[in-house]
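Take a look at the structure set out below.
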Amino acid sequence: MAGNSLTKLFVLSSLVVSTISAPTIASAQSGIASVYSGGRTANGEVAAASGLTAAHRSLPFGTMVRVTNTSTGQSVVVRINDRGPFVNGRIIDLTPAAAHAIGFSGLASVTVDVVGRS
């Protein structure tokens with residue numbers, strides 16, 4: 001009987017550990033990126049065109065993501081500090097500096113991978 005209880009305890013402990021360590025944010029998205037700047041961000045910062053920041057609809061503020069331009073292969077790591085984009089089909093808004101770092105101005109096809117928190 002004791003062996004059965006230990007097995008149940010081990011299985012339960014494994015489930016708790018795997019649940020705690022599992023990421024709570026989807027780690028990759030593909031879609032269209034656009035460029036934006038100016039004004040205040042949703043977290044109260046000034047949107048600096050020279051900063052490496054971005055707007056995303058649902059990722060928590062402070063999330064660091066790697067944005068890769070699928071046409072050029074270039075990537076940049078940016079910090080989420082705003083909400084958006086609010087245009088269908090777009091998944092992220094980048095500052096002009098971040099867009100320039102991956103070789104586009106306007107719109108680009110990108111992948112977005114979560115890399116951490118600031």
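Each chain in the structure tokens gets a letter, A, B, ..., in the order shown, and its residues are numbered from 1; ligands are numbered from 1 in order too.
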Practice prompt. Would you list the contacts of stretch 108-117 of chain A as JSON, numbers by chain, taking every protein, DNA or RNA residue within 8 Å and counting only C-alpha atoms, but skipping same-chain residues closer than 3 positions in sequence?
Written response: {"A": [25, 26, 27, 28, 29, 30, 31, 32, 33, 34, 62, 63, 64, 65, 66, 67, 68, 69, 70, 71, 104, 105]}
**OP:** Name the residues of stretch 31-107 of chain A that fall into alpha helix (DSSP H) according to DSSP on the backbone, using the chain letters and numbers of this document, as a PyMOL selection string.
**Re:** chain A and resi 96-101
Selected residues, N, CA, C and O atoms, written as a PDB file, in the first residue's frame, please.
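Result written to again-v6.pdb:
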```pdb
ATOM      1  N   PRO A  96      10.400  52.780 -35.473  1.00  0.00           N
ATOM      2  CA  PRO A  96      11.226  52.894 -36.686  1.00  0.00           C
ATOM      3  C   PRO A  96      12.625  52.300 -36.513  1.00  0.00           C
ATOM      4  O   PRO A  96      13.137  51.649 -37.434  1.00  0.00           O
ATOM      5  N   ALA A  97      13.247  52.462 -35.343  1.00  0.00           N
ATOM      6  CA  ALA A  97      14.588  51.907 -35.115  1.00  0.00           C
ATOM      7  C   ALA A  97      14.581  50.382 -35.186  1.00  0.00           C
ATOM      8  O   ALA A  97      15.477  49.771 -35.767  1.00  0.00           O
ATOM      9  N   ALA A  98      13.573  49.764 -34.590  1.00  0.00           N
ATOM     10  CA  ALA A  98      13.481  48.301 -34.620  1.00  0.00           C
ATOM     11  C   ALA A  98      13.211  47.797 -36.040  1.00  0.00           C
ATOM     12  O   ALA A  98      13.799  46.805 -36.474  1.00  0.00           O
ATOM     13  N   ALA A  99      12.322  48.485 -36.762  1.00  0.00           N
ATOM     14  CA  ALA A  99      12.031  48.106 -38.151  1.00  0.00           C
ATOM     15  C   ALA A  99      13.291  48.239 -39.016  1.00  0.00           C
ATOM     16  O   ALA A  99      13.597  47.350 -39.823  1.00  0.00           O
ATOM     17  N   HIS A 100      14.020  49.326 -38.829  1.00  0.00           N
ATOM     18  CA  HIS A 100      15.255  49.553 -39.595  1.00  0.00           C
ATOM     19  C   HIS A 100      16.266  48.439 -39.305  1.00  0.00           C
ATOM     20  O   HIS A 100      16.958  47.970 -40.214  1.00  0.00           O
ATOM     21  N   ALA A 101      16.334  48.000 -38.040  1.00  0.00           N
ATOM     22  CA  ALA A 101      17.290  46.963 -37.657  1.00  0.00           C
ATOM     23  C   ALA A 101      17.049  45.641 -38.383  1.00  0.00           C
ATOM     24  O   ALA A 101      17.979  44.859 -38.563  1.00  0.00           O
TER      25      ALA A 101
END
```
Exercise: A:Asn81 partners within 7 Å, only C-alpha atoms, chain neighbours under 2 positions left out, as a list in words: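 In the requested format, the answer is Thr41, Ala42, Asn43, Thr53, Ala54, Ala55, Phe61, Gly62 and Arg79 of chain A.
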**Prompt:** With distances taken over only C-alpha atoms, which of A:Val87, A:Ile102, A:Asp82, A:Thr95 is nearest to A:Glu45?
**Reply:**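 Among the listed residues, the smallest separation from A:Glu45 belongs to A:Asp82.
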- Task: Kindly give the distance, in Å, that separates atom CA of A:Val46 and atom CA of A:Val78, rounded to a single decimal.
- Result: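 Computing it gives 15.3 Å between the two atoms.
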